[in-house]
file final.csv (CSV, C-alpha atoms)
chain,number,residue,atom,x,y,z
A,1,MET,CA,-17.0,76.3,-64.3
A,2,GLY,CA,-13.3,75.9,-63.7
A,3,ARG,CA,-10.7,75.4,-66.3
A,4,GLU,CA,-10.3,71.8,-67.7
A,5,ARG,CA,-7.2,70.2,-66.2
A,6,ILE,CA,-4.8,68.9,-68.8
A,7,LYS,CA,-3.6,65.4,-67.8
A,8,PRO,CA,0.2,64.8,-67.7
A,9,PHE,CA,1.8,62.3,-70.2
A,10,ALA,CA,4.4,61.1,-67.7
A,11,GLN,CA,5.5,61.1,-64.1
A,12,SER,CA,6.9,64.4,-62.8
A,13,VAL,CA,5.4,66.2,-65.8
A,14,ARG,CA,2.6,68.7,-65.6
A,15,TRP,CA,1.0,71.5,-67.7
A,16,LYS,CA,1.6,74.8,-66.1
A,17,LYS,CA,1.3,78.4,-67.4
A,18,GLY,CA,0.8,77.3,-71.0
A,19,ALA,CA,3.7,74.8,-71.3
A,20,TRP,CA,4.7,71.2,-70.2
A,21,ARG,CA,7.1,71.3,-67.3
A,22,TYR,CA,9.2,68.7,-65.5
A,23,ARG,CA,9.5,68.7,-61.8
A,24,VAL,CA,12.9,67.5,-60.7
A,25,PRO,CA,12.6,64.3,-58.5
A,26,ARG,CA,13.9,64.4,-55.0
A,27,TRP,CA,16.3,61.5,-55.6
A,28,VAL,CA,18.3,63.6,-58.1
A,29,THR,CA,21.8,64.4,-56.7
A,30,GLU,CA,22.9,68.0,-56.3
A,31,GLU,CA,25.5,67.5,-59.0
A,32,GLN,CA,22.9,66.3,-61.5
A,33,ARG,CA,20.6,69.1,-60.5
A,34,LYS,CA,23.3,71.6,-61.3
A,35,THR,CA,24.5,70.0,-64.6
A,36,ILE,CA,21.2,68.9,-66.0
A,37,PHE,CA,18.7,71.3,-64.6
A,38,ASN,CA,20.9,74.4,-63.9
A,39,GLY,CA,20.0,74.1,-60.2
A,40,LYS,CA,16.2,74.5,-60.8
A,41,GLN,CA,13.4,72.6,-59.1
A,42,GLU,CA,11.3,72.6,-62.3
A,43,VAL,CA,12.2,73.1,-66.0
A,44,THR,CA,10.1,73.9,-69.0
A,45,LEU,CA,9.9,71.3,-71.7
A,46,SER,CA,7.8,72.8,-74.4
A,47,LYS,CA,4.3,74.1,-75.3
A,48,ASN,CA,4.1,71.4,-78.0
A,49,GLN,CA,3.5,67.9,-76.6
A,50,SER,CA,5.6,66.1,-79.1
A,51,GLU,CA,8.6,68.4,-78.5
A,52,ALA,CA,8.0,68.1,-74.7
A,53,LEU,CA,8.1,64.3,-75.1
A,54,LEU,CA,11.5,64.4,-76.8
A,55,LYS,CA,13.0,66.7,-74.2
A,56,TYR,CA,11.5,64.4,-71.5
A,57,ALA,CA,13.3,61.5,-73.2
A,58,ASP,CA,16.6,63.5,-73.1
A,59,ILE,CA,16.2,64.1,-69.4
A,60,ILE,CA,15.5,60.4,-68.6
A,61,GLN,CA,18.5,59.4,-70.7
A,62,ALA,CA,20.7,61.9,-68.8
A,63,LEU,CA,19.4,60.5,-65.5
A,64,SER,CA,19.7,56.9,-66.6
A,65,ASP,CA,22.6,56.0,-64.4
A,66,LYS,CA,20.6,57.1,-61.4
A,67,GLU,CA,17.3,55.6,-62.6
A,68,GLN,CA,15.6,52.9,-60.4
A,69,PRO,CA,15.3,49.4,-61.9
A,70,VAL,CA,12.1,48.6,-63.7
A,71,ILE,CA,9.9,47.0,-61.1
A,72,THR,CA,6.3,48.3,-61.5
A,73,MET,CA,4.3,49.1,-64.6
A,74,ASN,CA,4.9,52.8,-63.8
A,75,ASP,CA,8.7,52.1,-64.1
A,76,LEU,CA,8.1,50.3,-67.4
A,77,ILE,CA,5.9,53.1,-68.8
A,78,THR,CA,8.4,55.8,-67.9
A,79,ARG,CA,11.1,54.0,-69.8
A,80,TYR,CA,8.8,53.3,-72.7
A,81,LEU,CA,7.8,57.0,-72.9
A,82,SER,CA,11.4,58.1,-73.0
A,83,GLU,CA,12.8,55.5,-75.4
A,84,VAL,CA,10.0,54.1,-77.6
A,85,THR,CA,7.2,56.7,-78.0
A,86,PRO,CA,9.5,59.5,-79.3
A,87,THR,CA,10.5,57.2,-82.2
A,88,LYS,CA,7.0,56.9,-83.5
A,89,ALA,CA,5.0,59.2,-85.9
A,90,LEU,CA,3.6,62.3,-84.2
A,91,ASN,CA,0.0,61.2,-84.4
A,92,THR,CA,0.9,57.8,-83.0
A,93,GLN,CA,2.8,59.5,-80.1
A,94,LYS,CA,-0.4,61.4,-79.3
A,95,LEU,CA,-2.4,58.2,-79.2
A,96,ASP,CA,0.3,56.4,-77.1
A,97,VAL,CA,0.2,59.2,-74.5
A,98,ILE,CA,-3.6,59.0,-74.2
A,99,SER,CA,-3.6,55.2,-73.8
A,100,ILE,CA,-0.7,55.3,-71.3
A,101,ARG,CA,-2.6,57.7,-69.1
A,102,ARG,CA,-5.4,55.2,-68.9
A,103,LEU,CA,-3.2,52.2,-68.4
A,104,ARG,CA,-1.1,54.0,-65.8
A,105,ALA,CA,-4.2,54.8,-63.7
A,106,VAL,CA,-5.2,51.2,-63.6
A,107,PHE,CA,-2.0,49.2,-63.6
A,108,GLY,CA,0.6,51.7,-62.5
A,109,GLU,CA,1.5,50.2,-59.2
A,110,VAL,CA,1.3,46.6,-60.4
A,111,SER,CA,4.5,44.5,-60.5
A,112,VAL,CA,5.6,43.8,-64.1
A,113,ILE,CA,6.7,40.3,-63.2
A,114,ASN,CA,3.5,39.4,-61.4
A,115,PHE,CA,1.1,40.9,-64.0
A,116,GLU,CA,-1.8,38.4,-64.6
A,117,THR,CA,-3.6,37.8,-67.9
A,118,PRO,CA,-7.1,37.9,-66.4
A,119,TRP,CA,-6.6,41.5,-65.4
A,120,ILE,CA,-6.4,42.4,-69.1
A,121,PHE,CA,-9.6,40.7,-70.0
A,122,LYS,CA,-11.3,42.5,-67.1
A,123,TYR,CA,-9.9,45.8,-68.4
A,124,LYS,CA,-11.3,45.0,-71.8
A,125,ASP,CA,-14.7,44.1,-70.5
A,126,LYS,CA,-14.9,47.3,-68.3
A,127,ASN,CA,-14.1,49.5,-71.3
A,128,LYS,CA,-16.2,47.7,-73.9
A,129,ASP,CA,-18.2,50.9,-74.7
A,130,ARG,CA,-15.2,52.5,-76.3
A,131,ARG,CA,-13.9,49.6,-78.4
A,132,LYS,CA,-11.6,51.5,-80.8
A,133,SER,CA,-9.7,53.3,-78.1
A,134,THR,CA,-9.6,50.2,-75.9
A,135,ASN,CA,-8.0,48.3,-78.8
A,136,ASN,CA,-5.3,50.9,-78.9
A,137,ASP,CA,-4.8,50.6,-75.1
A,138,LEU,CA,-4.4,46.9,-75.5
A,139,ALA,CA,-1.9,47.3,-78.4
A,140,VAL,CA,0.2,49.7,-76.3
A,141,LEU,CA,0.0,47.3,-73.3
A,142,SER,CA,1.2,44.4,-75.4
A,143,HIS,CA,4.1,46.4,-76.8
A,144,LEU,CA,5.0,47.4,-73.2
A,145,PHE,CA,5.5,43.8,-72.3
A,146,SER,CA,7.4,43.1,-75.6
A,147,LYS,CA,9.9,45.9,-74.6
A,148,ALA,CA,10.0,44.5,-71.1
A,149,ILE,CA,11.3,41.2,-72.6
A,150,GLU,CA,13.8,43.1,-74.8
A,151,TRP,CA,15.1,45.0,-71.7
A,152,GLY,CA,15.4,41.9,-69.6
A,153,VAL,CA,12.7,42.7,-67.2
A,154,ILE,CA,10.7,39.5,-67.9
A,155,LYS,CA,11.3,36.3,-69.8
A,156,ASN,CA,9.7,35.6,-73.1
A,157,GLU,CA,7.2,33.1,-71.6
A,158,GLN,CA,6.1,35.7,-69.1
A,159,HIS,CA,4.4,37.9,-71.7
A,160,PRO,CA,0.8,37.9,-70.5
A,161,MET,CA,-0.8,38.7,-73.9
A,162,ARG,CA,1.3,36.6,-76.3
A,163,GLY,CA,-0.7,34.4,-78.5
A,164,LEU,CA,-4.0,35.7,-77.3
A,165,ASN,CA,-6.7,37.3,-79.5
A,166,ILE,CA,-7.8,39.9,-77.0
A,167,LYS,CA,-8.8,42.9,-79.1
A,168,PHE,CA,-12.3,43.7,-80.1
A,169,SER,CA,-13.2,42.9,-83.6
A,170,MET,CA,-13.9,46.1,-85.5
A,171,LYS,CA,-15.9,46.4,-88.7
A,172,PRO,CA,-14.0,48.6,-91.2
A,173,ARG,CA,-15.6,51.8,-92.3
A,174,ASP,CA,-17.4,51.3,-95.6
A,175,ARG,CA,-18.5,54.8,-96.5
A,176,TYR,CA,-17.9,55.4,-100.2
A,177,VAL,CA,-18.2,59.0,-101.5
A,178,GLU,CA,-20.1,59.1,-104.8
A,179,ASN,CA,-19.1,61.6,-107.4
A,180,TRP,CA,-22.4,63.5,-107.2
A,181,GLU,CA,-22.0,63.7,-103.4
A,182,LEU,CA,-18.6,65.3,-103.8
A,183,GLU,CA,-19.9,67.7,-106.4
A,184,GLU,CA,-22.7,68.8,-104.0
A,185,PHE,CA,-20.2,69.3,-101.2
A,186,LEU,CA,-17.8,71.3,-103.3
A,187,SER,CA,-20.6,73.6,-104.6
A,188,VAL,CA,-20.6,75.4,-101.2
A,189,CYS,CA,-16.8,75.3,-100.5
A,190,SER,CA,-14.2,77.9,-100.8
A,191,PRO,CA,-11.5,77.9,-103.5
A,192,PHE,CA,-9.1,76.6,-100.8
A,193,ILE,CA,-11.1,73.4,-100.1
A,194,LYS,CA,-11.8,72.9,-103.8
A,195,ALA,CA,-8.1,73.0,-104.6
A,196,TYR,CA,-7.3,70.8,-101.6
A,197,VAL,CA,-9.8,68.1,-102.6
A,198,LYS,CA,-8.5,68.2,-106.2
A,199,LEU,CA,-4.9,67.4,-105.0
A,200,LYS,CA,-6.2,64.9,-102.5
A,201,LEU,CA,-8.0,62.9,-105.3
A,202,ALA,CA,-4.9,63.2,-107.5
A,203,THR,CA,-2.6,61.6,-104.9
A,204,GLY,CA,-4.5,59.9,-102.0
A,205,LEU,CA,-2.1,61.4,-99.4
A,206,ARG,CA,-3.1,61.5,-95.8
A,207,GLN,CA,-4.3,64.9,-94.5
A,208,GLY,CA,-1.2,65.6,-92.5
A,209,ASP,CA,1.2,64.6,-95.3
A,210,LEU,CA,-0.8,66.8,-97.8
A,211,LEU,CA,-0.9,69.8,-95.5
A,212,ARG,CA,2.9,69.6,-94.9
A,213,LEU,CA,3.8,69.6,-98.6
A,214,ARG,CA,6.3,72.2,-99.6
A,215,GLU,CA,7.1,73.8,-102.9
A,216,SER,CA,10.5,72.1,-102.7
A,217,ASP,CA,8.7,68.8,-102.8
A,218,LEU,CA,7.5,69.7,-106.3
A,219,MET,CA,10.3,68.4,-108.5
A,220,ASP,CA,10.8,67.7,-112.2
A,221,ASP,CA,9.8,64.0,-111.9
A,222,GLY,CA,6.8,64.6,-109.7
A,223,ILE,CA,5.5,65.3,-106.2
A,224,HIS,CA,7.9,63.9,-103.6
A,225,ALA,CA,6.0,62.9,-100.5
A,226,VAL,CA,6.9,61.3,-97.2
A,227,HIS,CA,4.2,59.2,-95.4
A,228,GLN,CA,4.8,60.4,-91.9
A,229,LYS,CA,3.0,57.4,-90.4
A,230,THR,CA,5.4,54.9,-92.0
A,231,GLY,CA,8.3,56.9,-93.2
A,232,LYS,CA,7.8,55.5,-96.7
A,233,LYS,CA,8.7,57.9,-99.6
A,234,THR,CA,6.5,58.1,-102.7
A,235,ILE,CA,7.0,60.0,-105.9
A,236,TYR,CA,3.7,60.9,-107.6
A,237,SER,CA,4.7,61.2,-111.3
A,238,TRP,CA,3.3,64.3,-113.0
A,239,ASN,CA,0.1,63.9,-115.0
A,240,ASP,CA,-2.5,66.4,-116.2
A,241,ASP,CA,-4.7,66.1,-113.1
A,242,ARG,CA,-1.8,66.6,-110.7
A,243,LYS,CA,-0.3,69.5,-112.6
A,244,GLU,CA,-3.7,71.2,-112.7
A,245,ALA,CA,-4.3,70.5,-109.0
A,246,VAL,CA,-0.9,71.8,-107.9
A,247,ASN,CA,-1.2,75.0,-110.0
A,248,GLU,CA,-4.6,75.7,-108.5
A,249,CYS,CA,-3.3,75.1,-104.9
A,250,LEU,CA,-0.4,77.5,-105.4
A,251,SER,CA,-2.6,80.2,-107.0
A,252,ILE,CA,-5.1,80.5,-104.2
A,253,ARG,CA,-2.5,80.8,-101.3
A,254,PRO,CA,-3.2,84.0,-99.3
A,255,THR,CA,0.5,84.9,-99.0
A,256,ILE,CA,3.9,83.8,-100.2
A,257,SER,CA,4.9,80.6,-98.4
A,258,ASP,CA,7.1,77.5,-98.6
A,259,TYR,CA,4.0,75.4,-98.1
A,260,VAL,CA,1.6,74.3,-100.9
A,261,PHE,CA,-1.2,75.0,-98.4
A,262,CYS,CA,-0.8,77.8,-95.9
A,263,ASN,CA,-2.8,80.1,-93.7
A,264,ARG,CA,-2.6,84.0,-93.8
A,265,ASP,CA,0.6,83.9,-91.9
A,266,GLY,CA,2.2,81.6,-94.4
A,267,ASN,CA,2.4,78.7,-91.9
A,268,SER,CA,1.2,75.1,-92.5
A,269,TYR,CA,-2.3,74.1,-91.2
A,270,SER,CA,-0.6,71.1,-89.6
A,271,ASP,CA,1.7,71.4,-86.5
A,272,GLY,CA,2.9,67.8,-87.0
A,273,SER,CA,0.4,66.1,-84.7
A,274,LYS,CA,-2.9,67.8,-85.6
A,275,ALA,CA,-4.6,70.2,-88.0
A,276,SER,CA,-7.3,71.8,-85.9
A,277,GLY,CA,-7.7,74.9,-88.1
A,278,PHE,CA,-8.2,72.8,-91.2
A,279,THR,CA,-10.6,70.4,-89.4
A,280,SER,CA,-12.8,73.4,-88.4
A,281,ILE,CA,-12.9,74.7,-92.0
A,282,TRP,CA,-13.8,71.2,-93.3
A,283,GLN,CA,-16.6,70.7,-90.7
A,284,ARG,CA,-18.0,74.1,-91.4
A,285,TYR,CA,-18.5,73.5,-95.1
A,286,MET,CA,-19.7,69.9,-94.5
A,287,LYS,CA,-22.4,71.3,-92.2
A,288,LYS,CA,-23.4,73.9,-94.8
A,289,ALA,CA,-23.6,71.2,-97.6
A,290,LEU,CA,-25.9,69.1,-95.5
A,291,LEU,CA,-28.2,72.0,-94.8
A,292,THR,CA,-28.3,73.6,-98.3
A,293,THR,CA,-27.6,70.9,-100.9
A,294,ASN,CA,-28.8,67.4,-101.8
A,295,LEU,CA,-26.1,65.8,-99.8
A,296,LYS,CA,-27.8,63.7,-97.1
A,297,GLU,CA,-24.9,61.8,-95.5
A,298,ARG,CA,-21.8,63.2,-93.9
A,299,PHE,CA,-18.4,62.0,-95.1
A,300,THR,CA,-15.0,62.7,-93.7
A,301,GLU,CA,-11.8,64.0,-95.2
A,302,HIS,CA,-10.3,60.6,-94.7
A,303,ASP,CA,-13.1,59.0,-96.8
A,304,LEU,CA,-11.6,60.7,-99.8
A,305,ARG,CA,-8.4,58.7,-99.3
A,306,ALA,CA,-10.6,55.5,-99.5
A,307,LYS,CA,-12.2,56.9,-102.6
A,308,VAL,CA,-8.8,57.2,-104.3
A,309,ALA,CA,-8.1,53.6,-103.5
A,310,THR,CA,-11.5,52.4,-104.6
A,311,ASP,CA,-11.5,54.3,-107.8
A,312,SER,CA,-8.0,53.1,-108.8
A,313,GLU,CA,-7.6,50.8,-111.7
A,314,ASN,CA,-6.4,47.9,-109.5
A,315,ILE,CA,-5.4,47.1,-105.9
A,316,GLU,CA,-1.7,47.4,-106.7
A,317,GLN,CA,-2.1,51.0,-108.0
A,318,ALA,CA,-4.2,51.8,-104.9
A,319,ARG,CA,-1.5,50.4,-102.7
A,320,ARG,CA,1.2,52.5,-104.3
A,321,ARG,CA,-0.9,55.7,-104.1
A,322,LEU,CA,-1.7,55.2,-100.4
A,323,GLY,CA,1.9,54.3,-99.5
A,324,HIS,CA,1.0,50.9,-98.0
A,325,SER,CA,3.7,48.2,-97.8
A,326,SER,CA,1.1,45.5,-98.4
A,327,SER,CA,-2.1,45.4,-100.4
A,328,THR,CA,-3.8,43.5,-97.6
A,329,LEU,CA,-4.6,46.6,-95.6
A,330,THR,CA,-5.5,48.5,-98.8
A,331,LYS,CA,-8.1,45.9,-99.8
A,332,LYS,CA,-9.5,45.4,-96.3
A,333,VAL,CA,-10.0,49.0,-95.2
A,334,TYR,CA,-9.9,51.2,-98.2
A,335,ASP,CA,-11.6,49.3,-101.1
A,336,ARG,CA,-15.2,50.3,-100.4
A,337,LYS,CA,-17.2,50.1,-103.5
A,338,ALA,CA,-19.8,47.4,-103.9
A,339,GLU,CA,-18.8,44.6,-106.3
A,340,ILE,CA,-21.0,44.4,-109.4
A,341,THR,CA,-21.9,41.0,-110.8
A,342,ASP,CA,-24.2,39.7,-113.5

call {"tool": "encode", "arguments": {"input": "final.csv", "output": "structure tokens"}}
result
Amino acid sequence: MGRERIKPFAQSVRWKKGAWRYRVPRWVTEEQRKTIFNGKQEVTLSKNQSEALLKYADIIQALSDKEQPVITMNDLITRYLSEVTPTKALNTQKLDVISIRRLRAVFGEVSVINFETPWIFKYKDKNKDRRKSTNNDLAVLSHLFSKAIEWGVIKNEQHPMRGLNIKFSMKPRDRYVENWELEEFLSVCSPFIKAYVKLKLATGLRQGDLLRLRESDLMDDGIHAVHQKTGKKTIYSWNDDRKEAVNECLSIRPTISDYVFCNRDGNSYSDGSKASGFTSIWQRYMKKALLTTNLKERFTEHDLRAKVATDSENIEQARRRLGHSSSTLTKKVYDRKAEITD
């Protein structure tokens, strides 16, 4: 079997020899080729997709005076990737790129001005077997047209999705992790996972935000965290549970590091967009717990964030812990325990 081909995230970009590379377009002038690309036909962006995307944005900006006007969806997508996607959280960037690959393959050659609404419903129907990812595709597509209005490509009334309820309705996940289930799981886990779960339950932070915590974030007034998804800052005031959890996390580190959680090299388990090493560890212990304990139903690391919200004293406390700007999302998605009545 041949190697799996890694799909590019933008035009003129490809994965080659372990890194993302940009092939200089033919329309680039000799002067631009010398000043921007040092006379090269192809330049290396980065091994990391997020860093590559930022460098790609710099290149497009540098070539902006030579750029063709936005006419097709390909043109619109190229500008969106260079100006909009890099401003988003790293995980959102990754999802954007995946959706844009699919959208480009279907709509790339279509004129932005002549785009018709029925095509969107046809795309939705064709991809109904993957509702969640299709909803993300539709969200990106809608934002593409919103930016097209902002950039003067189309008029406000030409937005083909405005005012339409096109997305699939999705039932929020309702898995609630009972205390006994968590105890069964932790009974087979390493000290690292036990310490991680303790701090997770004491804060409710997202996985990436928790794995990126540094010792410098542990201040006199509490744990200073930044929610990468929203940019919101939260200070988790010290209490006995948080102090105990942090001390345990620091004590089990395999080496000296700036990070509260680190691998044997002292590096974070998260590279900014994913935490594959941590995910493998979690899945390994979950599989062991299902085979050797009384735990019968799998739960995810993210389900613990919902447990923090559900177990909070009230919805406002849950909202603050999870870093939400509104309690609507907190109640709709993360409050999972059945209501008890007489």

call {"tool": "atom_distance", "arguments": {"input": "final.csv", "atom1": "atom CA of Leu304 of chain A", "atom2": "atom CA of Leu182 of chain A"}}
result
9.3 Å

call {"tool": "residues_around", "arguments": {"input": "final.csv", "residues": "Thr279 of chain A", "least_positions_apart": "5", "cutoff": "10 Å", "atoms": "all atoms listed in the file", "output": "list in words"}}
result
Gln207, Tyr269, Lys274, Arg284, Thr300 and Glu301 of chain A

call {"tool": "write_last_selection", "arguments": {"input": "final.csv", "atoms": "C-alpha atoms", "output": "PDB file, in the coordinates of the input"}}
result
ATOM      1  CA  GLN A 207      -4.300  64.900 -94.500  1.00  0.00           C
ATOM      2  CA  TYR A 269      -2.300  74.100 -91.200  1.00  0.00           C
ATOM      3  CA  LYS A 274      -2.900  67.800 -85.600  1.00  0.00           C
ATOM      4  CA  ARG A 284     -18.000  74.100 -91.400  1.00  0.00           C
ATOM      5  CA  THR A 300     -15.000  62.700 -93.700  1.00  0.00           C
ATOM      6  CA  GLU A 301     -11.800  64.000 -95.200  1.00  0.00           C
TER       7      GLU A 301
END

call {"tool": "residues_around", "arguments": {"input": "final.csv", "residues": "Val140 of chain A", "least_positions_apart": "3", "cutoff": "12 Å", "atoms": "only C-alpha atoms", "output": "VMD selection string"}}
result
chain A and resid 76 to 77 80 to 81 84 to 85 92 to 93 95 to 104 133 to 137 143 to 147 161 167

call {"tool": "closest_residue", "arguments": {"input": "final.csv", "among": "A:Ser270, A:Thr44, A:Asn114, A:Thr35", "to": "Met73 of chain A", "atoms": "all atoms listed in the file"}}
result
A:Asn114

call {"tool": "atom_distance", "arguments": {"input": "final.csv", "atom1": "atom CA of Phe278 of chain A", "atom2": "atom CA of Gly208 of chain A"}}
result
10.1 Å
